[in-house]
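Source file: query04.csv; contents: CSV, C-alpha atoms.
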```
chain,number,residue,atom,x,y,z
A,235,MET,CA,0.0,0.0,0.0
A,236,GLU,CA,1.3,3.5,-0.9
A,237,LEU,CA,2.2,5.8,2.0
A,238,ASP,CA,-0.6,8.3,1.2
A,239,ASP,CA,-3.1,5.5,0.8
A,240,LEU,CA,-2.0,4.0,4.1
A,241,ALA,CA,-2.3,7.4,5.9
A,242,GLY,CA,-5.8,7.8,4.4
A,243,VAL,CA,-6.9,4.6,6.0
A,244,ILE,CA,-5.1,4.9,9.3
A,245,THR,CA,-5.7,8.5,10.1
A,246,PRO,CA,-9.6,8.4,10.3
A,247,ASN,CA,-9.4,5.4,12.6
A,248,ILE,CA,-6.9,7.0,15.0
A,249,ARG,CA,-9.1,10.1,15.0
A,250,ALA,CA,-12.2,8.0,15.8
A,251,LEU,CA,-10.4,6.3,18.6
A,252,LEU,CA,-9.2,9.6,20.2
A,253,LEU,CA,-12.7,11.1,19.9
A,254,ALA,CA,-14.3,8.1,21.5
A,255,VAL,CA,-11.8,8.2,24.4
A,256,ALA,CA,-12.1,12.0,24.8
A,257,GLU,CA,-15.9,11.8,24.8
A,258,ARG,CA,-16.0,8.6,26.9
A,259,ARG,CA,-18.2,6.6,24.5
A,260,THR,CA,-18.0,3.8,22.0
A,261,PRO,CA,-17.2,4.6,18.3
A,262,LEU,CA,-20.2,5.8,16.3
A,263,LYS,CA,-21.6,3.8,13.4
A,264,GLU,CA,-20.1,6.1,10.8
A,265,GLU,CA,-16.7,5.9,12.6
A,266,LEU,CA,-16.8,2.1,12.4
A,267,THR,CA,-17.1,2.4,8.7
A,268,THR,CA,-13.4,3.4,8.4
A,269,ALA,CA,-12.4,0.4,10.5
A,270,ALA,CA,-14.5,-1.9,8.2
A,271,GLU,CA,-12.8,-0.4,5.1
A,272,LEU,CA,-9.4,-1.2,6.7
A,273,GLY,CA,-10.5,-4.9,7.1
A,274,GLU,CA,-11.7,-5.0,3.5
A,275,ARG,CA,-8.4,-3.7,2.2
A,276,ARG,CA,-6.4,-6.1,4.2
A,277,ALA,CA,-8.5,-9.0,3.0
A,278,VAL,CA,-8.0,-8.0,-0.6
A,279,GLN,CA,-4.3,-7.7,0.0
A,280,GLY,CA,-4.2,-11.2,1.5
A,281,VAL,CA,-2.9,-10.0,4.9
A,282,PRO,CA,-3.7,-12.6,7.6
A,283,ILE,CA,-6.6,-11.7,9.9
A,284,GLU,CA,-4.3,-12.1,12.9
A,285,ALA,CA,-2.2,-9.3,11.6
A,286,VAL,CA,-5.3,-7.1,11.4
A,287,VAL,CA,-6.1,-7.8,15.1
A,288,THR,CA,-2.5,-7.2,16.1
A,289,SER,CA,-2.4,-3.9,14.4
A,290,TRP,CA,-5.3,-2.6,16.5
A,291,HIS,CA,-3.6,-3.8,19.7
A,292,ILE,CA,-0.4,-2.0,18.6
A,293,ALA,CA,-2.4,1.1,18.0
A,294,GLU,CA,-3.9,0.8,21.5
A,295,ARG,CA,-0.5,0.5,23.1
A,296,GLU,CA,0.9,3.4,21.1
A,297,ILE,CA,-2.0,5.7,22.0
A,298,LEU,CA,-1.6,4.9,25.7
A,299,PHE,CA,2.1,5.5,25.5
A,300,ARG,CA,1.7,8.9,23.9
A,301,ILE,CA,-1.0,10.0,26.3
A,302,ALA,CA,1.2,9.0,29.2
A,303,THR,CA,4.3,10.6,27.7
A,304,PHE,CA,3.1,13.7,26.0
A,305,GLY,CA,-0.2,14.5,27.6
A,306,PRO,CA,-0.9,16.3,30.8
A,307,PRO,CA,-0.2,14.3,34.0
A,308,LEU,CA,-3.1,12.0,34.9
A,309,LEU,CA,-4.2,10.6,38.2
A,310,ALA,CA,-4.2,6.8,38.5
A,311,GLU,CA,-8.0,6.7,38.4
A,312,GLU,CA,-8.1,8.9,35.3
A,313,HIS,CA,-5.4,6.8,33.6
A,314,ARG,CA,-7.5,3.7,34.3
A,315,GLN,CA,-10.6,5.3,32.8
A,316,VAL,CA,-8.7,6.3,29.7
A,317,ALA,CA,-7.4,2.8,29.3
A,318,ARG,CA,-10.9,1.3,29.8
A,319,HIS,CA,-12.5,3.6,27.3
A,320,LEU,CA,-9.7,3.0,24.8
A,321,ALA,CA,-10.0,-0.8,25.2
A,322,THR,CA,-13.7,-0.6,24.6
A,323,ALA,CA,-13.2,1.5,21.4
A,324,ILE,CA,-10.4,-0.8,20.2
A,325,ASP,CA,-12.7,-3.8,20.7
A,326,ALA,CA,-15.4,-2.2,18.6
A,327,MET,CA,-13.0,-1.1,15.9
A,328,THR,CA,-11.4,-4.6,15.8
A,329,ALA,CA,-14.8,-6.3,15.5
A,330,ALA,CA,-15.7,-4.0,12.6
A,331,SER,CA,-12.5,-4.7,10.8
A,332,THR,CA,-12.5,-8.5,11.3
A,333,ASP,CA,-16.2,-8.8,10.3
A,334,ALA,CA,-15.6,-6.9,7.1
A,335,TYR,CA,-12.4,-8.9,6.6
A,336,ARG,CA,-14.3,-12.2,6.7
A,337,ARG,CA,-17.0,-11.0,4.5
A,338,THR,CA,-14.6,-9.8,1.9
A,339,ARG,CA,-12.5,-12.9,2.0
A,340,ILE,CA,-15.6,-15.0,1.3
A,341,GLU,CA,-16.5,-12.7,-1.6
A,342,VAL,CA,-12.9,-12.7,-2.9
A,343,ALA,CA,-12.7,-16.5,-2.7
A,344,ALA,CA,-15.9,-16.9,-4.6
A,345,HIS,CA,-14.7,-14.5,-7.3
A,346,LEU,CA,-11.4,-16.3,-7.6
A,347,GLU,CA,-13.1,-19.7,-7.8
A,348,GLN,CA,-15.3,-18.3,-10.6
A,349,ILE,CA,-12.2,-17.1,-12.4
A,350,ALA,CA,-10.6,-20.6,-12.0
A,351,THR,CA,-13.7,-22.3,-13.3
A,352,ASP,CA,-13.8,-19.9,-16.3
A,353,ILE,CA,-10.1,-20.7,-17.0
A,354,VAL,CA,-10.8,-24.4,-17.2
A,355,SER,CA,-13.9,-23.8,-19.3
A,356,ARG,CA,-11.7,-21.9,-21.8
A,357,LEU,CA,-9.0,-24.6,-21.7
A,358,THR,CA,-11.4,-27.4,-22.4
A,359,GLY,CA,-13.4,-25.5,-25.1
A,360,ALA,CA,-12.9,-25.5,-28.8
A,361,GLU,CA,-12.3,-21.8,-29.4
A,362,PRO,CA,-8.7,-20.5,-29.9
A,363,LEU,CA,-7.0,-19.3,-26.8
A,364,ASP,CA,-4.8,-16.2,-26.2
A,365,PRO,CA,-1.9,-17.5,-24.0
A,366,VAL,CA,-1.3,-14.0,-22.6
A,367,VAL,CA,-4.9,-13.7,-21.4
A,368,ILE,CA,-5.0,-17.3,-20.0
A,369,GLU,CA,-1.8,-16.7,-18.0
A,370,ASP,CA,-2.9,-13.3,-16.8
A,371,ARG,CA,-6.1,-14.8,-15.4
A,372,ALA,CA,-4.3,-17.7,-13.9
A,373,ARG,CA,-1.9,-15.4,-12.1
A,374,LEU,CA,-4.9,-13.7,-10.5
A,375,VAL,CA,-5.8,-16.9,-8.7
A,376,GLY,CA,-2.3,-17.7,-7.6
A,377,VAL,CA,-1.1,-20.1,-10.4
A,378,ALA,CA,2.6,-20.4,-11.0
A,379,VAL,CA,2.2,-20.1,-14.8
A,380,GLN,CA,5.8,-20.5,-15.7
A,381,GLU,CA,5.9,-24.0,-14.2
A,382,GLU,CA,5.1,-27.4,-15.8
A,383,HIS,CA,1.4,-28.3,-15.6
A,384,ARG,CA,-0.8,-31.2,-16.7
A,385,ALA,CA,-4.5,-31.9,-16.7
A,386,LEU,CA,-6.5,-34.6,-14.9
A,387,ALA,CA,-10.1,-35.6,-15.9
A,388,VAL,CA,-12.2,-37.3,-13.2
A,389,ARG,CA,-15.4,-39.2,-14.0
A,390,VAL,CA,-17.5,-41.2,-11.6
A,391,ALA,CA,-18.6,-44.7,-12.6
A,392,ARG,CA,-22.2,-43.9,-11.7
A,393,ASP,CA,-23.7,-40.4,-11.7
A,394,ASP,CA,-27.0,-41.1,-9.9
A,395,ASP,CA,-25.6,-39.5,-6.7
A,396,PRO,CA,-25.0,-35.8,-7.1
A,397,HIS,CA,-22.5,-35.8,-4.3
A,398,ARG,CA,-20.4,-38.6,-5.7
A,399,MET,CA,-18.5,-36.4,-8.1
A,400,ALA,CA,-17.7,-33.9,-5.4
A,401,ARG,CA,-16.3,-36.6,-3.2
A,402,ALA,CA,-14.2,-38.0,-6.0
A,403,GLN,CA,-12.8,-34.5,-6.7
A,404,ARG,CA,-12.0,-33.9,-3.1
A,405,LEU,CA,-10.2,-37.2,-2.8
A,406,VAL,CA,-8.0,-36.4,-5.8
A,407,LEU,CA,-7.2,-32.9,-4.6
A,408,ASP,CA,-6.5,-34.0,-1.0
A,409,ALA,CA,-4.1,-36.7,-2.3
A,410,ILE,CA,-2.0,-34.3,-4.5
A,411,ARG,CA,-2.2,-31.1,-2.4
A,412,PRO,CA,0.6,-32.1,0.0
A,413,LYS,CA,2.9,-32.3,-3.0
A,414,LEU,CA,1.9,-28.9,-4.5
A,415,HIS,CA,3.6,-25.5,-4.1
A,416,SER,CA,1.2,-23.7,-6.4
A,417,ARG,CA,-2.6,-23.8,-6.7
A,418,THR,CA,-4.7,-26.0,-8.9
A,419,VAL,CA,-7.7,-24.8,-11.0
A,420,VAL,CA,-10.8,-26.9,-11.3
A,421,GLY,CA,-13.8,-26.8,-13.6
A,422,SER,CA,-16.0,-29.2,-15.5
A,423,ARG,CA,-17.0,-30.2,-19.0
A,424,GLY,CA,-20.2,-32.2,-19.1
A,425,ASP,CA,-20.0,-35.0,-16.6
A,426,ILE,CA,-16.2,-34.7,-16.2
A,427,VAL,CA,-14.3,-32.7,-13.7
A,428,VAL,CA,-11.1,-31.3,-15.1
A,429,ILE,CA,-8.2,-30.4,-12.7
A,430,VAL,CA,-5.2,-28.5,-13.9
A,431,THR,CA,-2.3,-29.1,-11.6
A,432,PRO,CA,1.4,-28.3,-11.4
A,433,GLU,CA,3.5,-31.4,-12.2
A,434,VAL,CA,3.5,-33.8,-9.2
A,435,PRO,CA,6.3,-36.4,-8.8
A,436,GLY,CA,4.8,-39.9,-8.8
A,437,LEU,CA,1.4,-38.6,-9.8
A,438,THR,CA,0.1,-41.8,-11.4
A,439,ASP,CA,1.0,-43.9,-8.4
A,440,ILE,CA,-0.7,-41.4,-6.1
A,441,LEU,CA,-3.9,-41.5,-8.1
A,442,GLY,CA,-3.8,-45.2,-8.3
A,443,ARG,CA,-3.8,-45.5,-4.5
A,444,VAL,CA,-6.6,-43.0,-4.2
A,445,VAL,CA,-8.8,-44.8,-6.6
A,446,GLN,CA,-8.0,-48.2,-5.0
A,447,ARG,CA,-9.1,-46.8,-1.5
A,448,SER,CA,-12.3,-45.3,-2.8
A,449,LYS,CA,-14.2,-48.5,-3.7
A,450,HIS,CA,-17.5,-47.1,-2.5
A,451,ASP,CA,-17.1,-44.0,-4.8
A,452,ALA,CA,-15.7,-45.7,-7.9
A,453,PHE,CA,-14.3,-43.2,-10.3
A,454,VAL,CA,-11.7,-43.1,-13.1
A,455,VAL,CA,-9.0,-40.5,-13.8
A,456,GLY,CA,-7.6,-39.6,-17.2
A,457,VAL,CA,-4.1,-38.1,-17.1
A,458,GLY,CA,-2.9,-35.8,-19.9
A,459,LEU,CA,0.7,-35.3,-20.8
A,460,PRO,CA,2.6,-32.4,-19.1
A,461,ARG,CA,3.2,-29.1,-20.7
A,462,PRO,CA,6.1,-26.7,-20.0
A,463,ARG,CA,3.8,-23.7,-19.2
A,464,PHE,CA,0.3,-23.2,-18.0
A,465,ALA,CA,-0.7,-21.4,-21.3
A,466,GLU,CA,0.0,-24.6,-23.2
A,467,VAL,CA,-2.1,-27.0,-21.0
A,468,ALA,CA,-5.2,-26.9,-23.1
A,469,GLY,CA,-3.8,-29.9,-25.1
A,470,SER,CA,-3.3,-31.8,-21.9
A,471,CYS,CA,-6.9,-31.1,-21.0
A,472,ARG,CA,-8.1,-32.6,-24.2
A,473,GLU,CA,-5.8,-35.6,-23.7
A,474,ALA,CA,-7.1,-36.3,-20.2
A,475,MET,CA,-10.7,-36.1,-21.3
A,476,ALA,CA,-10.0,-38.4,-24.3
A,477,ALA,CA,-8.3,-40.9,-21.9
A,478,VAL,CA,-11.5,-40.9,-19.8
A,479,GLU,CA,-13.6,-41.5,-22.9
A,480,VAL,CA,-11.4,-44.5,-23.9
A,481,ARG,CA,-12.0,-45.9,-20.4
A,482,ARG,CA,-15.7,-45.4,-20.7
A,483,ARG,CA,-15.7,-47.4,-23.9
A,484,ARG,CA,-13.6,-50.1,-22.3
A,485,PRO,CA,-15.0,-50.6,-18.7
A,486,SER,CA,-12.6,-53.4,-17.9
A,487,GLY,CA,-9.5,-51.2,-18.2
A,488,PRO,CA,-7.5,-49.5,-15.4
A,489,ALA,CA,-9.1,-46.8,-13.3
A,490,VAL,CA,-6.2,-44.4,-13.9
A,491,VAL,CA,-5.7,-44.0,-17.7
A,492,GLU,CA,-2.6,-42.2,-19.0
A,493,PHE,CA,-3.1,-40.6,-22.4
A,494,ALA,CA,0.3,-42.0,-23.5
A,495,ALA,CA,-1.0,-45.5,-23.0
A,496,VAL,CA,-4.2,-45.0,-25.1
A,497,ALA,CA,-3.1,-42.5,-27.7
A,498,ALA,CA,-3.8,-45.1,-30.5
A,499,ASP,CA,-7.3,-45.6,-29.1
A,500,VAL,CA,-7.9,-41.9,-29.1
A,501,LEU,CA,-6.8,-41.6,-32.7
A,502,LEU,CA,-9.4,-44.3,-33.6
A,503,LEU,CA,-12.2,-42.6,-31.7
A,504,GLU,CA,-11.4,-39.2,-33.1
A,505,ASN,CA,-11.3,-40.4,-36.7
A,506,PRO,CA,-14.5,-42.6,-36.9
A,507,LEU,CA,-14.6,-42.6,-40.7
A,508,ASP,CA,-11.0,-43.9,-40.9
A,509,SER,CA,-11.7,-46.4,-38.2
A,510,ARG,CA,-14.7,-47.8,-40.0
A,511,HIS,CA,-12.7,-48.0,-43.2
A,512,VAL,CA,-10.0,-50.0,-41.3
A,513,ILE,CA,-12.7,-52.3,-39.8
A,514,ARG,CA,-14.3,-52.9,-43.2
A,515,SER,CA,-11.0,-53.5,-45.0
A,516,ALA,CA,-9.5,-55.8,-42.4
A,517,LEU,CA,-12.6,-57.7,-41.1
A,518,GLY,CA,-15.2,-57.2,-43.8
A,519,PRO,CA,-15.9,-60.9,-44.6
A,520,ILE,CA,-16.5,-61.9,-41.0
A,521,LEU,CA,-18.2,-58.7,-39.6
A,522,ALA,CA,-21.6,-60.3,-39.8
A,523,ARG,CA,-20.4,-63.2,-37.7
A,524,PRO,CA,-19.8,-62.0,-34.1
A,525,GLN,CA,-18.8,-65.4,-32.9
A,526,LEU,CA,-15.8,-65.4,-35.3
A,527,ILE,CA,-14.9,-61.8,-34.4
A,528,GLU,CA,-14.9,-62.8,-30.7
A,529,THR,CA,-12.8,-65.9,-31.4
A,530,LEU,CA,-10.3,-64.0,-33.4
A,531,ALA,CA,-9.9,-61.3,-30.8
A,532,THR,CA,-9.5,-63.8,-28.0
A,533,TYR,CA,-7.0,-65.9,-30.0
A,534,LEU,CA,-4.8,-62.9,-30.7
A,535,ARG,CA,-5.1,-61.8,-27.0
A,536,CYS,CA,-4.1,-65.3,-25.9
A,537,GLY,CA,-0.9,-65.3,-27.9
A,538,LEU,CA,-2.2,-67.6,-30.7
A,539,SER,CA,-2.8,-70.4,-28.1
A,540,THR,CA,-5.7,-72.7,-29.1
A,541,ARG,CA,-5.9,-74.1,-25.6
A,542,ALA,CA,-5.9,-70.7,-23.8
A,543,THR,CA,-8.5,-69.4,-26.3
A,544,ALA,CA,-10.8,-72.4,-25.7
A,545,ALA,CA,-10.5,-71.9,-21.9
A,546,ALA,CA,-11.2,-68.2,-22.2
A,547,LEU,CA,-14.3,-68.8,-24.4
A,548,GLY,CA,-15.5,-71.9,-22.6
A,549,VAL,CA,-15.5,-74.1,-25.7
A,550,HIS,CA,-13.6,-77.2,-26.9
A,551,GLU,CA,-10.2,-76.7,-28.5
A,552,ASN,CA,-11.6,-78.3,-31.7
A,553,THR,CA,-14.2,-75.6,-31.9
A,554,VAL,CA,-11.5,-73.0,-31.8
A,555,THR,CA,-9.5,-74.8,-34.5
A,556,TYR,CA,-12.6,-75.0,-36.7
A,557,ARG,CA,-13.5,-71.3,-36.2
A,558,MET,CA,-9.9,-70.2,-36.9
A,559,ARG,CA,-10.0,-72.2,-40.2
A,560,GLN,CA,-13.2,-70.4,-41.1
A,561,ILE,CA,-11.5,-67.0,-40.3
A,562,THR,CA,-8.3,-67.7,-42.3
A,563,GLU,CA,-10.3,-68.8,-45.3
A,564,ALA,CA,-12.7,-65.8,-45.1
A,565,LEU,CA,-9.8,-63.3,-44.8
A,566,ARG,CA,-7.7,-65.2,-47.3
A,567,VAL,CA,-4.6,-65.8,-45.3
A,568,SER,CA,-2.5,-68.9,-45.2
A,569,GLY,CA,-2.6,-69.4,-41.4
A,570,PRO,CA,-3.5,-67.8,-38.1
A,571,SER,CA,0.0,-66.3,-37.7
A,572,ASP,CA,-0.7,-64.1,-40.7
A,573,LEU,CA,-3.5,-62.4,-38.8
A,574,VAL,CA,-0.9,-60.7,-36.5
A,575,ARG,CA,-1.1,-57.5,-38.6
A,576,ALA,CA,-1.5,-53.9,-37.7
A,577,ASP,CA,-4.7,-53.4,-39.6
A,578,VAL,CA,-6.3,-56.5,-38.0
A,579,LEU,CA,-5.3,-55.4,-34.5
A,580,MET,CA,-6.5,-51.8,-35.1
A,581,ALA,CA,-9.8,-53.0,-36.6
A,582,LEU,CA,-10.4,-55.2,-33.5
A,583,ARG,CA,-9.6,-52.4,-31.2
A,584,ALA,CA,-11.7,-49.9,-33.1
A,585,ARG,CA,-14.6,-52.3,-32.9
A,586,GLU,CA,-14.1,-52.9,-29.2
A,587,LEU,CA,-14.2,-49.1,-28.7
A,588,GLY,CA,-17.5,-48.8,-30.4
A,589,ALA,CA,-16.5,-47.4,-33.8
A,590,LEU,CA,-19.4,-49.5,-35.3
A,591,ALA,CA,-22.0,-47.8,-33.1
A,592,SER,CA,-23.5,-46.3,-36.2
A,593,PRO,CA,-24.1,-48.2,-39.4
A,594,LEU,CA,-21.2,-48.7,-41.8
```

Using the file provided, produce a representation of the structure as structure tokens.
Amino acid sequence: MELDDLAGVITPNIRALLLAVAERRTPLKEELTTAAELGERRAVQGVPIEAVVTSWHIAEREILFRIATFGPPLLAEEHRQVARHLATAIDAMTAASTDAYRRTRIEVAAHLEQIATDIVSRLTGAEPLDPVVIEDRARLVGVAVQEEHRALAVRVARDDDPHRMARAQRLVLDAIRPKLHSRTVVGSRGDIVVIVTPEVPGLTDILGRVVQRSKHDAFVVGVGLPRPRFAEVAGSCREAMAAVEVRRRRPSGPAVVEFAAVAADVLLLENPLDSRHVIRSALGPILARPQLIETLATYLRCGLSTRATAAALGVHENTVTYRMRQITEALRVSGPSDLVRADVLMALRARELGALASPL
């Protein structure tokens, strides 16, 4: 605070205290206004409330010292009365300041949370972003914008309980907060909560433990790749949300999904026309026969083992051998080992992810 500004706040309060003591009364309502203004300013500046209270007690001691040192001599009883009236006035001024401080802090916190929510909304939206604007807004809420950041996307397994998402968000934030030295920003996009956090060592392991402990509030977390500055984290937001979408399409997958592990799946989901072309080209002759598709996928997943495939499907080994013969003939390959191809694997994965949800 500038010196002139400081004097403009302090002087009216000291004058009000001296008048209250001289007239042997508590401060008037209009005199308490200046004390409230002091509390509001200190709240906006982020000064701890304890410092506000301490400043009033310092003022009390300073006034008593000056009265005793520079004023006319006072009898003991007169000195006690002055001290009593001053203490009463200080209590009233302190209460006015602290009440205003608390109200202002609540308003400031709500305003900052709204700014944080707006930042996440912009980061997860489709419109182009101005990095300067994003970082300026982030600085307002206390983000260390020059540091490495990444995004987390949190989605509950069931959304029938309106409090379930709030609990999942709190669990994630409580787990990573001890590792943070800068604040996170939190917002939402549809049924997904997006958390933009400074880089945390061992983040995936931390999230894995949190999800494992929260069996009654099952949720999944998508983890985007880190970005060197906050202004570049929009890409990480999209990655985290895409990872959650992959997990939604594959319910049997892990609860913590790193984008790096599902990047190929994301490409398939984000390019449905290409995915359908791959499916049609690689599996076209057997697409109408789900039993053969399931056998092929299981066979490849079991490392081309007829016995393991039969056990997984609950059928006889001869049945697997017969179905694989049908598949190789339909796809015109010389043997099962020729099916270990990128296009076949991609087609099976695209189909598993639901790329055939709409008609080919």

Show me, as a Markdown table, the residues of region 464-521 of chain A having an atom within 12 Å of region 435-438 of chain A, each with the closest atom pair and its distance in Å, using only C-alpha atoms.
```
| residue | atom | partner | partner_atom | distance |
| --- | --- | --- | --- | --- |
| A:Pro488 | CA | A:Thr438 | CA | 11.5 |
| A:Ala489 | CA | A:Thr438 | CA | 10.6 |
| A:Val490 | CA | A:Thr438 | CA | 7.3 |
| A:Val491 | CA | A:Thr438 | CA | 8.8 |
| A:Glu492 | CA | A:Thr438 | CA | 8.1 |
| A:Phe493 | CA | A:Thr438 | CA | 11.5 |
```

* Using all atoms listed in the file, can you list as a PyMOL selection string the residues within 10 Å of (-10.6, 5.2, 26.9)? -> chain A and resi 251-260+294+297-298+312-324

Generate the output file for the selected residues, C-alpha atoms, as a CSV table (one decimal), in the frame of the given file.
```csv
chain,number,residue,atom,x,y,z
A,251,LEU,CA,-10.4,6.3,18.6
A,252,LEU,CA,-9.2,9.6,20.2
A,253,LEU,CA,-12.7,11.1,19.9
A,254,ALA,CA,-14.3,8.1,21.5
A,255,VAL,CA,-11.8,8.2,24.4
A,256,ALA,CA,-12.1,12.0,24.8
A,257,GLU,CA,-15.9,11.8,24.8
A,258,ARG,CA,-16.0,8.6,26.9
A,259,ARG,CA,-18.2,6.6,24.5
A,260,THR,CA,-18.0,3.8,22.0
A,294,GLU,CA,-3.9,0.8,21.5
A,297,ILE,CA,-2.0,5.7,22.0
A,298,LEU,CA,-1.6,4.9,25.7
A,312,GLU,CA,-8.1,8.9,35.3
A,313,HIS,CA,-5.4,6.8,33.6
A,314,ARG,CA,-7.5,3.7,34.3
A,315,GLN,CA,-10.6,5.3,32.8
A,316,VAL,CA,-8.7,6.3,29.7
A,317,ALA,CA,-7.4,2.8,29.3
A,318,ARG,CA,-10.9,1.3,29.8
A,319,HIS,CA,-12.5,3.6,27.3
A,320,LEU,CA,-9.7,3.0,24.8
A,321,ALA,CA,-10.0,-0.8,25.2
A,322,THR,CA,-13.7,-0.6,24.6
A,323,ALA,CA,-13.2,1.5,21.4
A,324,ILE,CA,-10.4,-0.8,20.2
```

* Have a look at A:Ile248, A:Ala285, A:Ile429, A:Ile410 and name the one nearest to Arg443 (chain A); count all atoms listed in the file. =>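 Of A:Ile248, A:Ala285, A:Ile429, A:Ile410, the one nearest Arg443 (chain A) is A:Ile410, counting all atoms listed in the file.
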
Do you know which residues lie at most 12 Å from (-16.6, -64.1, -35.9), with coordinates as in the file and only C-alpha atoms counted, and could you write them as a PDB file with C-alpha atoms, in the coordinates of the input?
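Once everything was written out, this is result.pdb:
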```
ATOM      1  CA  LEU A 517     -12.600 -57.700 -41.100  1.00  0.00           C
ATOM      2  CA  GLY A 518     -15.200 -57.200 -43.800  1.00  0.00           C
ATOM      3  CA  PRO A 519     -15.900 -60.900 -44.600  1.00  0.00           C
ATOM      4  CA  ILE A 520     -16.500 -61.900 -41.000  1.00  0.00           C
ATOM      5  CA  LEU A 521     -18.200 -58.700 -39.600  1.00  0.00           C
ATOM      6  CA  ALA A 522     -21.600 -60.300 -39.800  1.00  0.00           C
ATOM      7  CA  ARG A 523     -20.400 -63.200 -37.700  1.00  0.00           C
ATOM      8  CA  PRO A 524     -19.800 -62.000 -34.100  1.00  0.00           C
ATOM      9  CA  GLN A 525     -18.800 -65.400 -32.900  1.00  0.00           C
ATOM     10  CA  LEU A 526     -15.800 -65.400 -35.300  1.00  0.00           C
ATOM     11  CA  ILE A 527     -14.900 -61.800 -34.400  1.00  0.00           C
ATOM     12  CA  GLU A 528     -14.900 -62.800 -30.700  1.00  0.00           C
ATOM     13  CA  THR A 529     -12.800 -65.900 -31.400  1.00  0.00           C
ATOM     14  CA  LEU A 530     -10.300 -64.000 -33.400  1.00  0.00           C
ATOM     15  CA  ALA A 531      -9.900 -61.300 -30.800  1.00  0.00           C
ATOM     16  CA  THR A 532      -9.500 -63.800 -28.000  1.00  0.00           C
ATOM     17  CA  TYR A 533      -7.000 -65.900 -30.000  1.00  0.00           C
ATOM     18  CA  VAL A 554     -11.500 -73.000 -31.800  1.00  0.00           C
ATOM     19  CA  TYR A 556     -12.600 -75.000 -36.700  1.00  0.00           C
ATOM     20  CA  ARG A 557     -13.500 -71.300 -36.200  1.00  0.00           C
ATOM     21  CA  MET A 558      -9.900 -70.200 -36.900  1.00  0.00           C
ATOM     22  CA  ARG A 559     -10.000 -72.200 -40.200  1.00  0.00           C
ATOM     23  CA  GLN A 560     -13.200 -70.400 -41.100  1.00  0.00           C
ATOM     24  CA  ILE A 561     -11.500 -67.000 -40.300  1.00  0.00           C
ATOM     25  CA  THR A 562      -8.300 -67.700 -42.300  1.00  0.00           C
ATOM     26  CA  ALA A 564     -12.700 -65.800 -45.100  1.00  0.00           C
ATOM     27  CA  LEU A 565      -9.800 -63.300 -44.800  1.00  0.00           C
ATOM     28  CA  LEU A 582     -10.400 -55.200 -33.500  1.00  0.00           C
TER      29      LEU A 582
END
```

* Interatomic distance between CA of Glu271 (chain A) and CA of Val243 (chain A)? ->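 Atom-to-atom, CA of Glu271 (chain A) and CA of Val243 (chain A) are spaced 7.8 Å apart.
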
* What separation in Å, quoted to one decimal, exists between CA of Cys536 (chain A) and CA of Val455 (chain A)? ->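 According to the coordinates, CA of Cys536 (chain A) and CA of Val455 (chain A) are separated by 28.0 Å.
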
* Asked: With only C-alpha atoms as the basis for distance, which of A:Ala465, A:His550, A:Lys263, A:Met580 is at the shortest distance from Pro362 (chain A)?
  ->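 Closest to Pro362 (chain A), using only C-alpha atoms: A:Ala465.
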
* Distance of CA of Asp333 (chain A) from CA of Thr268 (chain A), expressed in Å to one decimal place ->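 Atom-to-atom, CA of Thr268 (chain A) and CA of Asp333 (chain A) are spaced 12.7 Å apart.
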
* To do: Select, from A:Val434, A:Leu587, A:Val427, A:Ala452, the residue with the minimum atom-to-atom distance to Pro506 (chain A), counting only C-alpha atoms.
  =>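 Between A:Val434, A:Leu587, A:Val427, A:Ala452, the residue approaching Pro506 (chain A) most closely is A:Leu587.
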
* Which is closest to Ala495 (chain A) among A:Asp508, A:Glu382, A:Glu347, A:Glu473, if we use only C-alpha atoms? ->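 Under the stated criterion, the closest residue is A:Glu473.
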
* To do: Find the residue from A:Arg384, A:Arg585, A:Arg295, A:Arg275 that sits nearest to Ala474 (chain A); use all atoms listed in the file when measuring.
  =>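 The answer is A:Arg384, which sits nearest to Ala474 (chain A).
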
* Which residues come within 10 Å of Ser448 (chain A), counting only C-alpha atoms, excluding same-chain residues fewer than 5 positions away, as an MDAnalysis selection string? -> chainID A and resid 401:402 405 443 453

* Which polymer residues have any atom within 6 Å of an atom of region 338-341 of chain A, counting all atoms listed in the file, with same-chain residues fewer than 2 positions away left out, as a PyMOL selection string? -> chain A and resi 274+277+335-336+343-344

* Would you kindly return, as an MDAnalysis selection string, each protein, DNA or RNA residue with an atom no farther than 10 Å from any atom of Arg276 (chain A), considering all atoms listed in the file and excluding same-chain residues fewer than 3 positions away? => chainID A and resid 235 270:273 279:283 285:286 331:332 334:335 338:339

* To do: Rank A:Pro365, A:Pro432, A:Gly359, A:Gly458 by their smallest atom-to-atom distance to Val388 (chain A), using only C-alpha atoms, and report the top residue only.
  =>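 Once distances to Val388 (chain A) are computed over only C-alpha atoms, the minimum belongs to A:Gly458.
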